[in-house]
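K.L.:
Let me begin by handing over the structure; questions about it come next.
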Amino acid sequence: MTEARQEAQSEARSEERVRGLARLRAPGSLHHTWRALSPLLRLLILTQLAFNIGFFAVLPFLAEHLGTGIGMAGWLVGLVLGLRTFSQQGLFVVGGALADRYGVRPVVLTGCVLRIAGFAWLGYAERPWTVIGAVLLIGFAAALFSPAVESEVARQAVAWEEAGHGPRTRVLALLTVAGQAGAFLGPLLGSLLLAVDFRTACLTGAGVFVLVLAGHARLLPQHIPGRTKTRGRGGVRNALRNGRFLALCVAYGAYLLAYNQLYLALPEEVARAAGSQAPLAWLFALSSLLVVTAQLPVTRWAAARLDLRRSMAAGLLLIAAGFAAVALARPAGWTGLPGLLPAAGFVVLLTLGQMLVAPAARAWVPDLAEDGRLGLYTGAMSSVSGLLVLAGSSATGSLLQTSLPPAVPWLALAAVPAAAVLLLPRRGSA
């Protein structure tokens, strides 16, 4: 009897191991998706990880360095940070157009060289004009390599889908996971380096991009099959006349404006509830952990049930629900741990919305772009939505400082992603 029971248990364990391997290798799993990617896609996704590690090892600590380390006035610190955002987000359309014209390789390599120079310069900059020059160089570097990488990943994702490997959103979800993992690991690395000084963090960030430059100089192909260089003019004009594309840009801008409240509205709410902003670090870690662990399952679920339009609409409504949850709780005036629960709910709903919106928006652009101009359209979506965020952030800052009832600003913010659902183009299927 004992031997029979042991044999049965052994068989059960063997069957469980087989089922576990089957789950690991099943279509849609992380293992299966990564194995099915081409070497070029793997390189580009790992590039996103490395970019964000190097970037976030330095930039989250820039404002503190400028204010405390160098002694800049608050308005000047804000100006420097705003110029960095504009030189990056606002010029994405330039980097995308250059990638269409000259190819991915030269644009990415040039961006890496500029980022290395910018970080090294920032490490030694001590006067306002030198700091401004360094951050402009850092921002423009990203405006070169980011749209080049993102547009090529989107183009390769469409080819991956057409080859029958699965929906393109799965590849673009991997890009989101890689970027979020880098955004999580970068500040951890930077906080360790700041134990030495800010210059060490800058030089280490430059060192990360030296490695990226060397890897791409060796591994990134001179010519990517299927990609043709576009030399004609009129791409920007045609993009601005494309009503469906502009509608997507506005909806994506509404998402980015909502996401920006992690750094604007959320800190005020956390400080009100907890008496300080110390819990913010835990809420940011929660957001990053959710993306890294749940992005692919959420994308797989959405791809099986929703087209691109419905996926974006569901994500925007989840984000609106996150703002509404805080608005409903504000009149109670809770503090301490109970007061932090609405903020945590906001972070969870915002992050779930992000998981639906970001891959779907990137996957939608190839369907709306002109042939040969995917880089320009990818960059234009970031530039147009970035300008909307710049304008919207100013309005949000003013709204949060008014004497209105405390729920009103959060309800107004909830209305933005909810209204964006109505702007989405009608045909969302890939």
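Ligands are numbered from 1 in the order shown, residues from 1 within each chain, and chains are lettered A, B, ... in the order they appear in the structure tokens.
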Once DSSP has gone over the backbone, tell me which residues of segment 35-181 of chain A are in alpha helix (DSSP H), as number ranges by chain.

P.N.:
A: 35-36, 39-56, 62-64, 74-85, 92-102, 104-124, 128-162, 168-181

K.L.:
For Cys112 of chain A, work out the shell of residues within 8 Å, counting only C-alpha atoms and skipping chain neighbours fewer than 3 positions away, then give it as a ChimeraX atom specification.

P.N.:
/A:108-109,115-116,141,145,209-210,212-213

K.L.:
Just the selected residues (N, CA and C atoms), exported as a PDB file, in the first residue's frame, please.

P.N.:
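Contents of selection29.pdb, as written:
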```pdb
ATOM      1  N   VAL A 108      20.442  56.231 -33.452  1.00  0.00           N
ATOM      2  CA  VAL A 108      20.635  55.686 -32.107  1.00  0.00           C
ATOM      3  C   VAL A 108      22.074  55.915 -31.638  1.00  0.00           C
ATOM      4  N   LEU A 109      23.042  55.663 -32.490  1.00  0.00           N
ATOM      5  CA  LEU A 109      24.437  55.837 -32.085  1.00  0.00           C
ATOM      6  C   LEU A 109      24.750  57.308 -31.782  1.00  0.00           C
ATOM      7  N   ARG A 115      24.205  61.632 -25.283  1.00  0.00           N
ATOM      8  CA  ARG A 115      23.831  61.374 -23.892  1.00  0.00           C
ATOM      9  C   ARG A 115      25.089  61.202 -23.029  1.00  0.00           C
ATOM     10  N   ILE A 116      26.108  60.530 -23.535  1.00  0.00           N
ATOM     11  CA  ILE A 116      27.364  60.371 -22.795  1.00  0.00           C
ATOM     12  C   ILE A 116      27.978  61.743 -22.511  1.00  0.00           C
ATOM     13  N   ALA A 141      19.380  64.113 -26.813  1.00  0.00           N
ATOM     14  CA  ALA A 141      19.862  62.750 -27.059  1.00  0.00           C
ATOM     15  C   ALA A 141      18.704  61.755 -27.025  1.00  0.00           C
ATOM     16  N   PHE A 145      17.304  58.938 -29.902  1.00  0.00           N
ATOM     17  CA  PHE A 145      17.279  57.475 -29.896  1.00  0.00           C
ATOM     18  C   PHE A 145      15.932  56.873 -29.500  1.00  0.00           C
ATOM     19  N   PHE A 209      25.726  54.362 -20.865  1.00  0.00           N
ATOM     20  CA  PHE A 209      25.509  54.656 -22.278  1.00  0.00           C
ATOM     21  C   PHE A 209      26.740  54.352 -23.125  1.00  0.00           C
ATOM     22  N   VAL A 210      27.914  54.345 -22.533  1.00  0.00           N
ATOM     23  CA  VAL A 210      29.093  53.868 -23.256  1.00  0.00           C
ATOM     24  C   VAL A 210      28.925  52.391 -23.610  1.00  0.00           C
ATOM     25  N   VAL A 212      26.023  50.807 -23.892  1.00  0.00           N
ATOM     26  CA  VAL A 212      24.957  50.732 -24.890  1.00  0.00           C
ATOM     27  C   VAL A 212      25.503  51.081 -26.274  1.00  0.00           C
ATOM     28  N   LEU A 213      26.323  52.136 -26.342  1.00  0.00           N
ATOM     29  CA  LEU A 213      26.925  52.547 -27.615  1.00  0.00           C
ATOM     30  C   LEU A 213      27.784  51.435 -28.196  1.00  0.00           C
TER      31      LEU A 213
END
```

K.L.:
Find the residues around Ala117 of chain A up to 12 Å (only C-alpha atoms counted), leave out those fewer than 5 positions away in its own chain, and share them as an mmCIF file with N, CA, C and O atoms, in the first residue's frame.

P.N.:
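Written file, out.cif:
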```
data_model
loop_
_atom_site.group_PDB
_atom_site.id
_atom_site.type_symbol
_atom_site.label_atom_id
_atom_site.label_comp_id
_atom_site.auth_asym_id
_atom_site.auth_seq_id
_atom_site.Cartn_x
_atom_site.Cartn_y
_atom_site.Cartn_z
ATOM 1 N N THR A 110 24.213 58.213 -32.599
ATOM 2 C CA THR A 110 24.427 59.646 -32.336
ATOM 3 C C THR A 110 23.787 60.047 -31.008
ATOM 4 O O THR A 110 24.380 60.799 -30.219
ATOM 5 N N GLY A 111 22.579 59.548 -30.752
ATOM 6 C CA GLY A 111 21.923 59.845 -29.486
ATOM 7 C C GLY A 111 22.715 59.360 -28.290
ATOM 8 O O GLY A 111 22.809 60.046 -27.264
ATOM 9 N N CYS A 112 23.302 58.171 -28.406
ATOM 10 C CA CYS A 112 24.113 57.646 -27.297
ATOM 11 C C CYS A 112 25.341 58.516 -27.048
ATOM 12 O O CYS A 112 25.693 58.792 -25.891
ATOM 13 N N LEU A 122 27.160 67.401 -17.254
ATOM 14 C CA LEU A 122 26.333 67.713 -16.095
ATOM 15 C C LEU A 122 27.069 67.420 -14.788
ATOM 16 O O LEU A 122 26.901 68.145 -13.793
ATOM 17 N N GLY A 123 27.900 66.392 -14.781
ATOM 18 C CA GLY A 123 28.637 66.058 -13.578
ATOM 19 C C GLY A 123 29.597 67.151 -13.136
ATOM 20 O O GLY A 123 29.905 67.274 -11.938
ATOM 21 N N TYR A 124 30.068 67.953 -14.095
ATOM 22 C CA TYR A 124 31.031 69.007 -13.781
ATOM 23 C C TYR A 124 30.416 70.411 -13.866
ATOM 24 O O TYR A 124 31.101 71.396 -13.557
ATOM 25 N N ALA A 125 29.143 70.509 -14.297
ATOM 26 C CA ALA A 125 28.512 71.824 -14.466
ATOM 27 C C ALA A 125 28.151 72.426 -13.104
ATOM 28 O O ALA A 125 27.560 71.749 -12.264
ATOM 29 N N GLY A 133 22.988 73.926 -20.669
ATOM 30 C CA GLY A 133 23.568 73.277 -21.849
ATOM 31 C C GLY A 133 23.603 71.768 -21.703
ATOM 32 O O GLY A 133 23.288 71.028 -22.642
ATOM 33 N N ALA A 134 23.967 71.292 -20.509
ATOM 34 C CA ALA A 134 24.060 69.841 -20.285
ATOM 35 C C ALA A 134 22.692 69.175 -20.362
ATOM 36 O O ALA A 134 22.536 68.125 -21.001
ATOM 37 N N VAL A 135 21.681 69.779 -19.724
ATOM 38 C CA VAL A 135 20.358 69.136 -19.725
ATOM 39 C C VAL A 135 19.708 69.199 -21.111
ATOM 40 O O VAL A 135 18.967 68.284 -21.491
ATOM 41 N N LEU A 136 19.981 70.257 -21.875
ATOM 42 C CA LEU A 136 19.476 70.308 -23.238
ATOM 43 C C LEU A 136 20.098 69.196 -24.077
ATOM 44 O O LEU A 136 19.411 68.557 -24.905
ATOM 45 N N LEU A 137 21.377 68.942 -23.875
ATOM 46 C CA LEU A 137 22.055 67.867 -24.607
ATOM 47 C C LEU A 137 21.489 66.505 -24.204
ATOM 48 O O LEU A 137 21.250 65.636 -25.051
ATOM 49 N N ILE A 138 21.254 66.325 -22.912
ATOM 50 C CA ILE A 138 20.681 65.068 -22.415
ATOM 51 C C ILE A 138 19.286 64.844 -22.997
ATOM 52 O O ILE A 138 18.944 63.744 -23.439
ATOM 53 N N GLY A 139 18.475 65.895 -23.017
ATOM 54 C CA GLY A 139 17.123 65.765 -23.551
ATOM 55 C C GLY A 139 17.106 65.506 -25.044
ATOM 56 O O GLY A 139 16.360 64.642 -25.520
ATOM 57 N N PHE A 140 17.944 66.229 -25.802
ATOM 58 C CA PHE A 140 17.956 66.034 -27.252
ATOM 59 C C PHE A 140 18.476 64.646 -27.620
ATOM 60 O O PHE A 140 18.045 64.064 -28.620
ATOM 61 N N ALA A 141 19.380 64.113 -26.813
ATOM 62 C CA ALA A 141 19.862 62.750 -27.059
ATOM 63 C C ALA A 141 18.704 61.755 -27.025
ATOM 64 O O ALA A 141 18.580 60.888 -27.898
ATOM 65 N N CYS A 202 26.479 60.857 -12.233
ATOM 66 C CA CYS A 202 26.472 61.296 -13.628
ATOM 67 C C CYS A 202 27.455 60.485 -14.475
ATOM 68 O O CYS A 202 27.126 60.044 -15.586
ATOM 69 N N LEU A 203 28.653 60.292 -13.961
ATOM 70 C CA LEU A 203 29.661 59.559 -14.726
ATOM 71 C C LEU A 203 29.290 58.088 -14.874
ATOM 72 O O LEU A 203 29.586 57.467 -15.896
ATOM 73 N N GLY A 205 26.135 57.047 -15.038
ATOM 74 C CA GLY A 205 25.113 57.087 -16.080
ATOM 75 C C GLY A 205 25.732 57.181 -17.467
ATOM 76 O O GLY A 205 25.287 56.508 -18.410
ATOM 77 N N ALA A 206 26.768 58.006 -17.596
ATOM 78 C CA ALA A 206 27.474 58.086 -18.872
ATOM 79 C C ALA A 206 28.100 56.745 -19.226
ATOM 80 O O ALA A 206 28.095 56.318 -20.390
ATOM 81 N N GLY A 207 28.637 56.036 -18.203
ATOM 82 C CA GLY A 207 29.238 54.728 -18.437
ATOM 83 C C GLY A 207 28.230 53.711 -18.955
ATOM 84 O O GLY A 207 28.561 52.874 -19.814
ATOM 85 N N PHE A 209 25.726 54.362 -20.865
ATOM 86 C CA PHE A 209 25.509 54.656 -22.278
ATOM 87 C C PHE A 209 26.740 54.352 -23.125
ATOM 88 O O PHE A 209 26.609 54.110 -24.324
ATOM 89 N N VAL A 210 27.914 54.345 -22.533
ATOM 90 C CA VAL A 210 29.093 53.868 -23.256
ATOM 91 C C VAL A 210 28.925 52.391 -23.610
ATOM 92 O O VAL A 210 29.213 51.959 -24.738
#
```

K.L.:
Could you produce a table of the residues of segment 161-197 of chain A lying within 12 Å of segment 305-310 of chain A, with the nearest pair of atoms per residue and their separation in Å rounded to one decimal, using only C-alpha atoms, ordered by chain and increasing residue number, as CSV?

P.N.:
```
residue,atom,partner,partner_atom,distance
A:Pro167,CA,A:Asp307,CA,10.2
A:Arg168,CA,A:Leu308,CA,10.5
A:Thr169,CA,A:Leu308,CA,8.8
```

K.L.:
Leu368 of chain A: which residues within 12 Å, counting only C-alpha atoms, same-chain residues fewer than 2 positions away excluded, as a ChimeraX atom specification?

P.N.:
/A:238-249,361-366,370-374,376-378,381,425,427-430
